[in-house]
Amino acid sequence: MDKNSYIAVFDSGVGGVSVLRELRALMPGERFWYFGDSANAPYGRRTTEQVRDLTLAAGRKLLVEGGCKALVVACNTATAAAINDLRAEYPDRIIVGIEPALKLACDRHPGGTIGIMATDVTLRERKLAALMERVKQDCRVIRIHAPGVVELVEAGKANTAEAVALMEQLLGPWMGQLDALVLGCTHYPFMKKAMAQVLGEGVELLDGGAGTARETKRRLGEAGLLRDGPGELRLENSSKDPGKIELIRQLLDEKNAK
Ligand code: DGL
C-alpha cells in the first residue's frame, strides 16, 4: 500500500456517488475504487447488526484484499452502525465516515428549525442522538423519515414526477416551517430538485459530501499519501444488474444534481 493505491469509496448502493463527485473534484489525481452494495440495499431498513456485518465485510474486501490506502464510508447508515468497529479492526488505516451536516445547518440558521431526513437506522442510532444533543440549544431539530427514497434513486428515478410526488408526501407537512433540511443519506442529494420544488428555494438543503471529501484529503495529506495523477476510476457493484454501473456513470455526470 502506497500513495498510488486506490482510495476506496463504499456505499450501500449508488448514493455514495454524491460523495465520490466531491472527492474527484477535490483530488482529480487520485485513483478511486467505488464499491456499491446494491444487492443488499437498502441498508436503512436492516437491523444495525446486519448493517455492521455488511460494512465490515466491505471493509475487509477493500482494505485487506484490495490494499486500498483509505476507506471512505460514503454512507451515513453504515457510518452510524459500523465506523467504530471498522476503526477498531484497522487502527492504522485511514477510515473516513460521513455524518449528517446538522452542526453546519445550526451554525448557518441559529435559532432556526432544521429538518433532518435520514434512513431508519441513522435516525435511531446513538450517533445522531449525540449530534442532536450538541445543537439543541441553538436550533429546533425535526427528524423526518424517508421511506421509498433510496429505492427510487436506486431505480434511476430521482428526476421524475414520481420523485416529486414522494417528496410532496414526505415534506409537504413541513412546508413553510423549515429553515434548512439536512440530507442525512448519500442517496438524497440526487433528489434535491424534487425537494426544492416542494419546499421552495428559500430552504437550504445541506449534505455532508464536500466536508467528507475535505477531511479525506486532509487525512491523506497528513499521512503523506496524496497522489498527483493521473486520476483513475474503478466502478464495482454487488448487484447482478449491469444497469447499476451505467446508473453510477449517469449520476456522476449529472450537473444539476448538486
Ligand atoms: N446511502 C445510505 C446512507 O447514506 C443509505 C441507503 C440505504 O438505506 O441503503 O445512509
# chains A, B, ... in the order shown; residues from 1 in each chain; ligands from 1
call {"tool": "residues_near_ligand", "arguments": {"ligand": "ligand 1", "cutoff": "6 Å", "atoms": "only C-alpha atoms and all ligand atoms", "output": "compact mmCIF listing (two decimals) with N, CA, C and O atoms, in the first residue's frame"}}
result
# COMPACT_ATOMS: atom_id res chain seq x y z
N ASP A 11 -20.54 2.48 -0.38
CA ASP A 11 -21.92 2.82 0.00
C ASP A 11 -22.79 1.56 -0.17
O ASP A 11 -22.38 0.60 -0.81
N SER A 12 -23.99 1.62 0.40
CA SER A 12 -24.93 0.51 0.25
C SER A 12 -25.39 0.36 -1.20
O SER A 12 -25.97 -0.65 -1.56
N GLY A 15 -25.79 5.71 -3.94
CA GLY A 15 -25.85 7.02 -3.29
C GLY A 15 -24.49 7.64 -3.02
O GLY A 15 -24.32 8.86 -3.12
N ALA A 41 -28.92 -3.52 -0.66
CA ALA A 41 -29.60 -2.26 -0.31
C ALA A 41 -31.11 -2.48 -0.34
O ALA A 41 -31.59 -3.38 -1.04
N PRO A 42 -31.88 -1.67 0.37
CA PRO A 42 -31.42 -0.59 1.25
C PRO A 42 -30.95 -1.09 2.62
O PRO A 42 -31.55 -1.99 3.19
N TYR A 43 -29.84 -0.51 3.07
CA TYR A 43 -29.31 -0.83 4.40
C TYR A 43 -30.21 -0.24 5.48
O TYR A 43 -30.29 -0.75 6.59
N GLY A 44 -30.84 0.88 5.15
CA GLY A 44 -31.57 1.66 6.16
C GLY A 44 -32.73 0.94 6.81
O GLY A 44 -33.21 1.35 7.86
N CYS A 75 -21.65 6.51 3.30
CA CYS A 75 -23.00 6.03 3.65
C CYS A 75 -23.23 6.39 5.11
O CYS A 75 -22.50 5.91 6.00
N ASN A 76 -24.20 7.24 5.36
CA ASN A 76 -24.49 7.65 6.75
C ASN A 76 -24.92 6.46 7.59
O ASN A 76 -24.60 6.36 8.77
N THR A 77 -25.68 5.54 6.96
CA THR A 77 -26.22 4.39 7.69
C THR A 77 -25.08 3.46 8.14
O THR A 77 -25.03 3.04 9.30
N THR A 119 -32.17 7.63 6.95
CA THR A 119 -32.76 6.29 7.00
C THR A 119 -33.14 5.94 8.44
O THR A 119 -32.69 6.58 9.39
N VAL A 150 -34.59 5.94 -1.09
CA VAL A 150 -33.41 5.19 -1.55
C VAL A 150 -33.79 4.28 -2.73
O VAL A 150 -33.09 4.22 -3.74
N CYS A 185 -28.49 11.14 4.21
CA CYS A 185 -28.27 9.87 3.49
C CYS A 185 -27.68 10.27 2.14
O CYS A 185 -28.15 11.22 1.51
N THR A 186 -26.66 9.55 1.70
CA THR A 186 -25.95 9.97 0.49
C THR A 186 -26.76 9.77 -0.80
O THR A 186 -26.37 10.28 -1.84
N HIS A 187 -27.86 9.06 -0.72
CA HIS A 187 -28.74 8.95 -1.89
C HIS A 187 -29.54 10.25 -2.10
O HIS A 187 -29.97 10.53 -3.21
call {"tool": "residues_around", "arguments": {"residues": "range 213-217 of chain A", "least_positions_apart": "3", "cutoff": "8 Å", "atoms": "only C-alpha atoms", "output": "PDB file with N, CA, C and O atoms, in the first residue's frame"}}
result
ATOM      1  N   VAL A  19     -20.845  11.598  -2.884  1.00  0.00           N
ATOM      2  CA  VAL A  19     -19.588  11.895  -2.179  1.00  0.00           C
ATOM      3  C   VAL A  19     -18.403  11.722  -3.139  1.00  0.00           C
ATOM      4  O   VAL A  19     -17.475  12.530  -3.151  1.00  0.00           O
ATOM      5  N   GLU A  22     -17.576  14.753  -5.120  1.00  0.00           N
ATOM      6  CA  GLU A  22     -16.830  15.772  -4.373  1.00  0.00           C
ATOM      7  C   GLU A  22     -15.366  15.356  -4.237  1.00  0.00           C
ATOM      8  O   GLU A  22     -14.461  16.178  -4.341  1.00  0.00           O
ATOM      9  N   LEU A  23     -15.151  14.074  -3.975  1.00  0.00           N
ATOM     10  CA  LEU A  23     -13.782  13.566  -3.821  1.00  0.00           C
ATOM     11  C   LEU A  23     -12.982  13.763  -5.106  1.00  0.00           C
ATOM     12  O   LEU A  23     -11.835  14.217  -5.080  1.00  0.00           O
ATOM     13  N   LEU A  26     -12.089  17.384  -5.782  1.00  0.00           N
ATOM     14  CA  LEU A  26     -11.048  17.905  -4.883  1.00  0.00           C
ATOM     15  C   LEU A  26      -9.696  17.259  -5.136  1.00  0.00           C
ATOM     16  O   LEU A  26      -8.650  17.889  -4.959  1.00  0.00           O
ATOM     17  N   MET A  27      -9.697  15.982  -5.550  1.00  0.00           N
ATOM     18  CA  MET A  27      -8.441  15.242  -5.738  1.00  0.00           C
ATOM     19  C   MET A  27      -8.433  14.526  -7.097  1.00  0.00           C
ATOM     20  O   MET A  27      -8.485  13.301  -7.167  1.00  0.00           O
ATOM     21  N   VAL A  72     -13.353   5.462   2.442  1.00  0.00           N
ATOM     22  CA  VAL A  72     -14.363   6.478   2.722  1.00  0.00           C
ATOM     23  C   VAL A  72     -15.713   5.759   2.811  1.00  0.00           C
ATOM     24  O   VAL A  72     -16.165   5.162   1.830  1.00  0.00           O
ATOM     25  N   VAL A  96     -12.621   7.226   6.848  1.00  0.00           N
ATOM     26  CA  VAL A  96     -13.393   8.469   6.993  1.00  0.00           C
ATOM     27  C   VAL A  96     -14.876   8.134   6.831  1.00  0.00           C
ATOM     28  O   VAL A  96     -15.260   7.470   5.867  1.00  0.00           O
ATOM     29  N   GLY A 209     -21.278  15.719   1.879  1.00  0.00           N
ATOM     30  CA  GLY A 209     -20.330  15.225   0.869  1.00  0.00           C
ATOM     31  C   GLY A 209     -19.036  16.027   0.779  1.00  0.00           C
ATOM     32  O   GLY A 209     -17.933  15.462   0.826  1.00  0.00           O
ATOM     33  N   ALA A 210     -19.170  17.350   0.675  1.00  0.00           N
ATOM     34  CA  ALA A 210     -17.975  18.188   0.496  1.00  0.00           C
ATOM     35  C   ALA A 210     -17.082  18.129   1.745  1.00  0.00           C
ATOM     36  O   ALA A 210     -15.849  18.056   1.641  1.00  0.00           O
ATOM     37  N   LEU A 220      -5.153  12.190   4.162  1.00  0.00           N
ATOM     38  CA  LEU A 220      -4.154  11.640   3.240  1.00  0.00           C
ATOM     39  C   LEU A 220      -2.907  12.524   3.221  1.00  0.00           C
ATOM     40  O   LEU A 220      -1.778  12.025   3.203  1.00  0.00           O
ATOM     41  N   GLY A 221      -3.129  13.842   3.252  1.00  0.00           N
ATOM     42  CA  GLY A 221      -2.005  14.783   3.253  1.00  0.00           C
ATOM     43  C   GLY A 221      -1.146  14.605   4.491  1.00  0.00           C
ATOM     44  O   GLY A 221       0.093  14.551   4.420  1.00  0.00           O
ATOM     45  N   LEU A 226      -0.909  11.547  -0.539  1.00  0.00           N
ATOM     46  CA  LEU A 226      -1.633  12.156  -1.667  1.00  0.00           C
ATOM     47  C   LEU A 226      -0.906  11.848  -2.977  1.00  0.00           C
ATOM     48  O   LEU A 226       0.319  11.861  -3.027  1.00  0.00           O
TER      49      LEU A 226
END
call {"tool": "residues_around", "arguments": {"residues": "range 140-146 of chain A", "least_positions_apart": "3", "cutoff": "6 Å", "atoms": "only C-alpha atoms", "output": "PyMOL selection string"}}
result
chain A and resi 113-117+149
call {"tool": "write_last_selection", "arguments": {"atoms": "N, CA and C atoms", "output": "CSV table (one decimal), in the first residue's frame"}}
result
chain,number,residue,atom,x,y,z
A,113,THR,N,-35.4,26.3,12.6
A,113,THR,CA,-35.9,25.0,12.6
A,113,THR,C,-35.3,24.2,11.5
A,114,ILE,N,-34.7,23.1,11.9
A,114,ILE,CA,-33.9,22.3,10.9
A,114,ILE,C,-34.5,20.9,10.8
A,115,GLY,N,-34.8,20.5,9.6
A,115,GLY,CA,-35.3,19.1,9.4
A,115,GLY,C,-34.1,18.2,9.1
A,116,ILE,N,-34.1,17.0,9.6
A,116,ILE,CA,-33.1,16.0,9.3
A,116,ILE,C,-33.8,14.8,8.7
A,117,MET,N,-33.5,14.5,7.4
A,117,MET,CA,-34.0,13.4,6.7
A,117,MET,C,-33.0,12.3,6.6
A,149,VAL,N,-37.3,6.6,-0.6
A,149,VAL,CA,-36.4,7.5,-1.4
A,149,VAL,C,-35.2,6.7,-1.9
call {"tool": "select_by_dssp", "arguments": {"residues": "range 84-143 of chain A", "states": "helix (DSSP H, G or I)", "output": "count of residues only"}}
result
28
call {"tool": "atom_distance", "arguments": {"atom1": "CA of Arg31 in chain A", "atom2": "CA of Gly231 in chain A"}}
result
5.2 Å
call {"tool": "atom_distance", "arguments": {"atom1": "CA of Glu30 in chain A", "atom2": "CA of Glu232 in chain A"}}
result
6.5 Å
call {"tool": "residues_around", "arguments": {"residues": "range 52-66 of chain A", "least_positions_apart": "3", "cutoff": "7 Å", "atoms": "only C-alpha atoms", "output": "tab-separated table (two decimals) with all heavy atoms, in the first residue's frame"}}
result
chain	number	residue	atom	x	y	z
A	8	ALA	N	-10.73	3.77	-1.48
A	8	ALA	CA	-12.00	3.06	-1.60
A	8	ALA	C	-13.14	3.96	-1.16
A	8	ALA	O	-13.02	4.67	-0.16
A	8	ALA	CB	-11.96	1.80	-0.74
A	48	THR	N	-29.29	-3.04	12.84
A	48	THR	CA	-27.97	-2.44	12.99
A	48	THR	C	-26.89	-3.51	12.84
A	48	THR	O	-25.84	-3.27	12.22
A	48	THR	CB	-27.87	-1.76	14.37
A	48	THR	OG1	-28.93	-0.79	14.44
A	48	THR	CG2	-26.54	-1.06	14.57
A	49	GLU	N	-27.14	-4.71	13.38
A	49	GLU	CA	-26.16	-5.80	13.31
A	49	GLU	C	-25.91	-6.22	11.86
A	49	GLU	O	-24.77	-6.44	11.47
A	49	GLU	CB	-26.63	-7.02	14.12
A	49	GLU	CG	-26.63	-6.82	15.62
A	49	GLU	CD	-27.66	-5.80	16.10
A	49	GLU	OE1	-28.74	-5.65	15.47
A	49	GLU	OE2	-27.37	-5.10	17.09
A	78	ALA	N	-24.17	3.16	7.21
A	78	ALA	CA	-23.02	2.30	7.54
A	78	ALA	C	-22.11	2.99	8.55
A	78	ALA	O	-21.55	2.34	9.45
A	78	ALA	CB	-22.25	1.96	6.27
A	81	ALA	N	-23.70	2.71	11.98
A	81	ALA	CA	-23.73	1.35	12.53
A	81	ALA	C	-22.36	0.75	12.78
A	81	ALA	O	-22.21	-0.10	13.64
A	81	ALA	CB	-24.51	0.44	11.58
A	82	ALA	N	-21.34	1.18	12.00
A	82	ALA	CA	-20.11	0.37	12.00
A	82	ALA	C	-18.78	1.12	12.03
A	82	ALA	O	-17.73	0.48	12.04
A	82	ALA	CB	-20.13	-0.54	10.77
A	86	LEU	N	-15.08	-0.63	12.53
A	86	LEU	CA	-14.08	-0.59	11.44
A	86	LEU	C	-12.76	-0.01	11.96
A	86	LEU	O	-11.69	-0.55	11.70
A	86	LEU	CB	-14.57	0.31	10.31
A	86	LEU	CG	-15.39	-0.30	9.19
A	86	LEU	CD1	-15.86	0.79	8.24
A	86	LEU	CD2	-14.59	-1.35	8.42
call {"tool": "closest_residue", "arguments": {"among": "A:Val9, A:Ala129, A:Ala39, A:Leu152", "to": "Asn237 in chain A", "atoms": "only C-alpha atoms"}}
result
A:Ala39
call {"tool": "atom_distance", "arguments": {"atom1": "CA of Cys139 in chain A", "atom2": "CA of Val182 in chain A"}}
result
12.7 Å
call {"tool": "residues_around", "arguments": {"residues": "Arg108 in chain A", "least_positions_apart": "5", "cutoff": "12 Å", "atoms": "only C-alpha atoms", "output": "list in words"}}
result
Ala101, Leu102, Lys103, Thr113, Ile114, Val135, Asp138, Cys139, Asp179, Ala180, Leu181, Val182, Val203, Glu204, Leu205 and Leu206 of chain A
call {"tool": "select_by_dssp", "arguments": {"residues": "range 25-256 of chain A", "states": "strand (DSSP E)", "output": "PDB file with C-alpha atoms, in the first residue's frame"}}
result
ATOM      1  CA  ARG A  31      -7.300   6.534  -8.147  1.00  0.00           C
ATOM      2  CA  PHE A  32     -10.799   5.824  -6.782  1.00  0.00           C
ATOM      3  CA  TRP A  33     -12.452   2.435  -6.357  1.00  0.00           C
ATOM      4  CA  TYR A  34     -16.188   2.850  -5.871  1.00  0.00           C
ATOM      5  CA  PHE A  35     -17.957  -0.180  -4.415  1.00  0.00           C
ATOM      6  CA  GLY A  36     -21.746  -0.092  -4.063  1.00  0.00           C
ATOM      7  CA  ALA A  70      -8.024   4.761   2.611  1.00  0.00           C
ATOM      8  CA  LEU A  71     -11.662   3.849   3.058  1.00  0.00           C
ATOM      9  CA  VAL A  72     -14.363   6.478   2.722  1.00  0.00           C
ATOM     10  CA  VAL A  73     -17.625   5.163   4.150  1.00  0.00           C
ATOM     11  CA  ILE A  94      -7.359   5.970   7.153  1.00  0.00           C
ATOM     12  CA  ILE A  95     -11.101   5.489   7.575  1.00  0.00           C
ATOM     13  CA  VAL A  96     -13.393   8.469   6.993  1.00  0.00           C
ATOM     14  CA  THR A 113     -35.934  24.970  12.580  1.00  0.00           C
ATOM     15  CA  ILE A 114     -33.893  22.275  10.900  1.00  0.00           C
ATOM     16  CA  GLY A 115     -35.278  19.094   9.366  1.00  0.00           C
ATOM     17  CA  ILE A 116     -33.087  16.019   9.255  1.00  0.00           C
ATOM     18  CA  MET A 117     -34.027  13.398   6.729  1.00  0.00           C
ATOM     19  CA  ALA A 118     -32.257  10.046   7.040  1.00  0.00           C
ATOM     20  CA  ARG A 140     -35.109  23.054  16.848  1.00  0.00           C
ATOM     21  CA  VAL A 141     -34.447  19.765  15.041  1.00  0.00           C
ATOM     22  CA  ILE A 142     -37.143  17.637  13.431  1.00  0.00           C
ATOM     23  CA  ARG A 143     -36.483  14.025  12.398  1.00  0.00           C
ATOM     24  CA  ILE A 144     -38.059  13.176   9.044  1.00  0.00           C
ATOM     25  CA  HIS A 145     -38.416   9.546   7.932  1.00  0.00           C
ATOM     26  CA  ALA A 180     -32.882  24.157   6.318  1.00  0.00           C
ATOM     27  CA  LEU A 181     -33.095  20.470   5.504  1.00  0.00           C
ATOM     28  CA  VAL A 182     -30.152  18.209   6.279  1.00  0.00           C
ATOM     29  CA  LEU A 183     -29.811  15.337   3.817  1.00  0.00           C
ATOM     30  CA  GLU A 204     -31.293  25.465   2.381  1.00  0.00           C
ATOM     31  CA  LEU A 205     -30.501  21.838   1.521  1.00  0.00           C
ATOM     32  CA  LEU A 206     -27.293  20.619   3.150  1.00  0.00           C
ATOM     33  CA  GLU A 232      -8.490   6.763 -12.353  1.00  0.00           C
ATOM     34  CA  LEU A 233     -11.960   5.442 -11.581  1.00  0.00           C
ATOM     35  CA  ARG A 234     -12.861   1.807 -10.946  1.00  0.00           C
ATOM     36  CA  LEU A 235     -16.561   1.053 -10.516  1.00  0.00           C
ATOM     37  CA  GLU A 236     -17.937  -2.062  -8.864  1.00  0.00           C
ATOM     38  CA  ASN A 237     -21.392  -3.064  -7.687  1.00  0.00           C
TER      39      ASN A 237
END
call {"tool": "residues_around", "arguments": {"residues": "range 188-202 of chain A", "least_positions_apart": "5", "cutoff": "10 Å", "atoms": "only C-alpha atoms", "output": "PDB file with C-alpha atoms, in the first residue's frame"}}
result
ATOM      1  CA  GLY A  15     -25.852   7.022  -3.290  1.00  0.00           C
ATOM      2  CA  GLY A  16     -22.177   7.338  -2.372  1.00  0.00           C
ATOM      3  CA  VAL A  17     -21.655   8.784  -5.834  1.00  0.00           C
ATOM      4  CA  SER A  18     -22.763  12.120  -4.305  1.00  0.00           C
ATOM      5  CA  VAL A  19     -19.588  11.895  -2.179  1.00  0.00           C
ATOM      6  CA  MET A 117     -34.027  13.398   6.729  1.00  0.00           C
ATOM      7  CA  ALA A 118     -32.257  10.046   7.040  1.00  0.00           C
ATOM      8  CA  ALA A 146     -38.000   8.916   4.229  1.00  0.00           C
ATOM      9  CA  VAL A 149     -36.440   7.497  -1.359  1.00  0.00           C
ATOM     10  CA  VAL A 150     -33.405   5.190  -1.555  1.00  0.00           C
ATOM     11  CA  LEU A 152     -36.340   5.451  -6.117  1.00  0.00           C
ATOM     12  CA  VAL A 153     -32.726   6.619  -6.543  1.00  0.00           C
ATOM     13  CA  GLY A 156     -32.740   5.632 -11.526  1.00  0.00           C
ATOM     14  CA  LYS A 157     -35.913   7.670 -10.941  1.00  0.00           C
ATOM     15  CA  ALA A 158     -34.557  10.652  -8.992  1.00  0.00           C
ATOM     16  CA  ASN A 159     -35.597  13.168 -11.622  1.00  0.00           C
ATOM     17  CA  THR A 160     -39.142  12.020 -12.257  1.00  0.00           C
ATOM     18  CA  ALA A 161     -42.685  13.104 -11.396  1.00  0.00           C
ATOM     19  CA  GLU A 162     -42.751  10.108  -9.041  1.00  0.00           C
ATOM     20  CA  ALA A 163     -39.872  11.674  -7.103  1.00  0.00           C
ATOM     21  CA  VAL A 164     -41.745  14.982  -6.758  1.00  0.00           C
ATOM     22  CA  ALA A 165     -44.882  13.149  -5.596  1.00  0.00           C
ATOM     23  CA  LEU A 166     -42.887  11.270  -2.951  1.00  0.00           C
ATOM     24  CA  MET A 167     -41.293  14.497  -1.722  1.00  0.00           C
ATOM     25  CA  GLU A 168     -44.727  16.135  -1.530  1.00  0.00           C
ATOM     26  CA  GLN A 169     -45.860  13.286   0.674  1.00  0.00           C
ATOM     27  CA  LEU A 170     -42.766  13.343   2.941  1.00  0.00           C
ATOM     28  CA  LEU A 171     -42.026  17.073   3.111  1.00  0.00           C
ATOM     29  CA  GLY A 172     -45.477  18.543   2.490  1.00  0.00           C
ATOM     30  CA  TRP A 174     -43.283  20.729   6.916  1.00  0.00           C
ATOM     31  CA  MET A 175     -43.858  23.278   4.178  1.00  0.00           C
ATOM     32  CA  GLY A 176     -43.271  26.829   5.404  1.00  0.00           C
ATOM     33  CA  GLN A 177     -41.732  25.623   8.674  1.00  0.00           C
ATOM     34  CA  LEU A 178     -38.126  24.713   7.855  1.00  0.00           C
ATOM     35  CA  ASP A 179     -35.095  26.986   7.516  1.00  0.00           C
ATOM     36  CA  ALA A 180     -32.882  24.157   6.318  1.00  0.00           C
ATOM     37  CA  LEU A 181     -33.095  20.470   5.504  1.00  0.00           C
ATOM     38  CA  VAL A 182     -30.152  18.209   6.279  1.00  0.00           C
ATOM     39  CA  LEU A 183     -29.811  15.337   3.817  1.00  0.00           C
ATOM     40  CA  ASP A 207     -25.335  17.391   2.828  1.00  0.00           C
ATOM     41  CA  GLY A 208     -22.022  16.162   4.169  1.00  0.00           C
ATOM     42  CA  GLY A 209     -20.330  15.225   0.869  1.00  0.00           C
ATOM     43  CA  LEU A 251     -25.248  10.146 -11.582  1.00  0.00           C
ATOM     44  CA  GLU A 254     -25.409  14.855 -13.612  1.00  0.00           C
ATOM     45  CA  ASN A 256     -27.833  19.732 -11.954  1.00  0.00           C
ATOM     46  CA  ALA A 257     -27.935  17.185  -9.159  1.00  0.00           C
ATOM     47  CA  LYS A 258     -25.625  19.170  -6.868  1.00  0.00           C
TER      48      LYS A 258
END
call {"tool": "residues_around", "arguments": {"residues": "Asp2 in chain A", "least_positions_apart": "4", "cutoff": "9 Å", "atoms": "only C-alpha atoms", "output": "PyMOL selection string"}}
result
chain A and resi 6+68-69+225
call {"tool": "closest_residue", "arguments": {"among": "A:His109, A:Lys127, A:Arg219, A:Lys240", "to": "Ile83 in chain A", "atoms": "only C-alpha atoms"}}
result
A:Lys127
call {"tool": "closest_residue", "arguments": {"among": "A:Cys106, A:Met132, A:Ala155, A:Ala80", "to": "Glu246 in chain A", "atoms": "only C-alpha atoms"}}
result
A:Ala155
call {"tool": "closest_residue", "arguments": {"among": "A:Gly111, A:Pro230, A:Gly211, A:Gly243", "to": "Glu154 in chain A", "atoms": "only C-alpha atoms"}}
result
A:Gly243
call {"tool": "decode", "arguments": {"residues": "range 151-203 of chain A", "atoms": "C-alpha atoms", "output": "JSON list (two decimals), in the first residue's frame"}}
result
[["chain", "number", "residue", "atom", "x", "y", "z"],
["A", 151, "GLU", "CA", -35.40, 2.70, -3.65],
["A", 152, "LEU", "CA", -36.34, 5.45, -6.12],
["A", 153, "VAL", "CA", -32.73, 6.62, -6.54],
["A", 154, "GLU", "CA", -31.55, 3.01, -6.91],
["A", 155, "ALA", "CA", -34.14, 2.60, -9.68],
["A", 156, "GLY", "CA", -32.74, 5.63, -11.53],
["A", 157, "LYS", "CA", -35.91, 7.67, -10.94],
["A", 158, "ALA", "CA", -34.56, 10.65, -8.99],
["A", 159, "ASN", "CA", -35.60, 13.17, -11.62],
["A", 160, "THR", "CA", -39.14, 12.02, -12.26],
["A", 161, "ALA", "CA", -42.68, 13.10, -11.40],
["A", 162, "GLU", "CA", -42.75, 10.11, -9.04],
["A", 163, "ALA", "CA", -39.87, 11.67, -7.10],
["A", 164, "VAL", "CA", -41.75, 14.98, -6.76],
["A", 165, "ALA", "CA", -44.88, 13.15, -5.60],
["A", 166, "LEU", "CA", -42.89, 11.27, -2.95],
["A", 167, "MET", "CA", -41.29, 14.50, -1.72],
["A", 168, "GLU", "CA", -44.73, 16.13, -1.53],
["A", 169, "GLN", "CA", -45.86, 13.29, 0.67],
["A", 170, "LEU", "CA", -42.77, 13.34, 2.94],
["A", 171, "LEU", "CA", -42.03, 17.07, 3.11],
["A", 172, "GLY", "CA", -45.48, 18.54, 2.49],
["A", 173, "PRO", "CA", -46.35, 18.53, 6.22],
["A", 174, "TRP", "CA", -43.28, 20.73, 6.92],
["A", 175, "MET", "CA", -43.86, 23.28, 4.18],
["A", 176, "GLY", "CA", -43.27, 26.83, 5.40],
["A", 177, "GLN", "CA", -41.73, 25.62, 8.67],
["A", 178, "LEU", "CA", -38.13, 24.71, 7.86],
["A", 179, "ASP", "CA", -35.10, 26.99, 7.52],
["A", 180, "ALA", "CA", -32.88, 24.16, 6.32],
["A", 181, "LEU", "CA", -33.10, 20.47, 5.50],
["A", 182, "VAL", "CA", -30.15, 18.21, 6.28],
["A", 183, "LEU", "CA", -29.81, 15.34, 3.82],
["A", 184, "GLY", "CA", -28.62, 12.58, 6.13],
["A", 185, "CYS", "CA", -28.27, 9.87, 3.49],
["A", 186, "THR", "CA", -25.95, 9.97, 0.49],
["A", 187, "HIS", "CA", -28.74, 8.95, -1.89],
["A", 188, "TYR", "CA", -30.75, 12.10, -1.11],
["A", 189, "PRO", "CA", -28.65, 14.78, -2.88],
["A", 190, "PHE", "CA", -29.89, 13.30, -6.16],
["A", 191, "MET", "CA", -33.41, 14.33, -5.14],
["A", 192, "LYS", "CA", -32.52, 17.98, -4.49],
["A", 193, "LYS", "CA", -34.53, 19.24, -7.45],
["A", 194, "ALA", "CA", -37.69, 17.47, -6.27],
["A", 195, "MET", "CA", -37.09, 18.69, -2.70],
["A", 196, "ALA", "CA", -36.64, 22.30, -3.80],
["A", 197, "GLN", "CA", -39.78, 22.05, -5.90],
["A", 198, "VAL", "CA", -41.78, 21.13, -2.81],
["A", 199, "LEU", "CA", -40.07, 23.26, -0.13],
["A", 200, "GLY", "CA", -39.25, 26.31, -2.27],
["A", 201, "GLU", "CA", -35.82, 27.77, -2.96],
["A", 202, "GLY", "CA", -35.69, 29.53, 0.42],
["A", 203, "VAL", "CA", -34.99, 26.33, 2.36]]
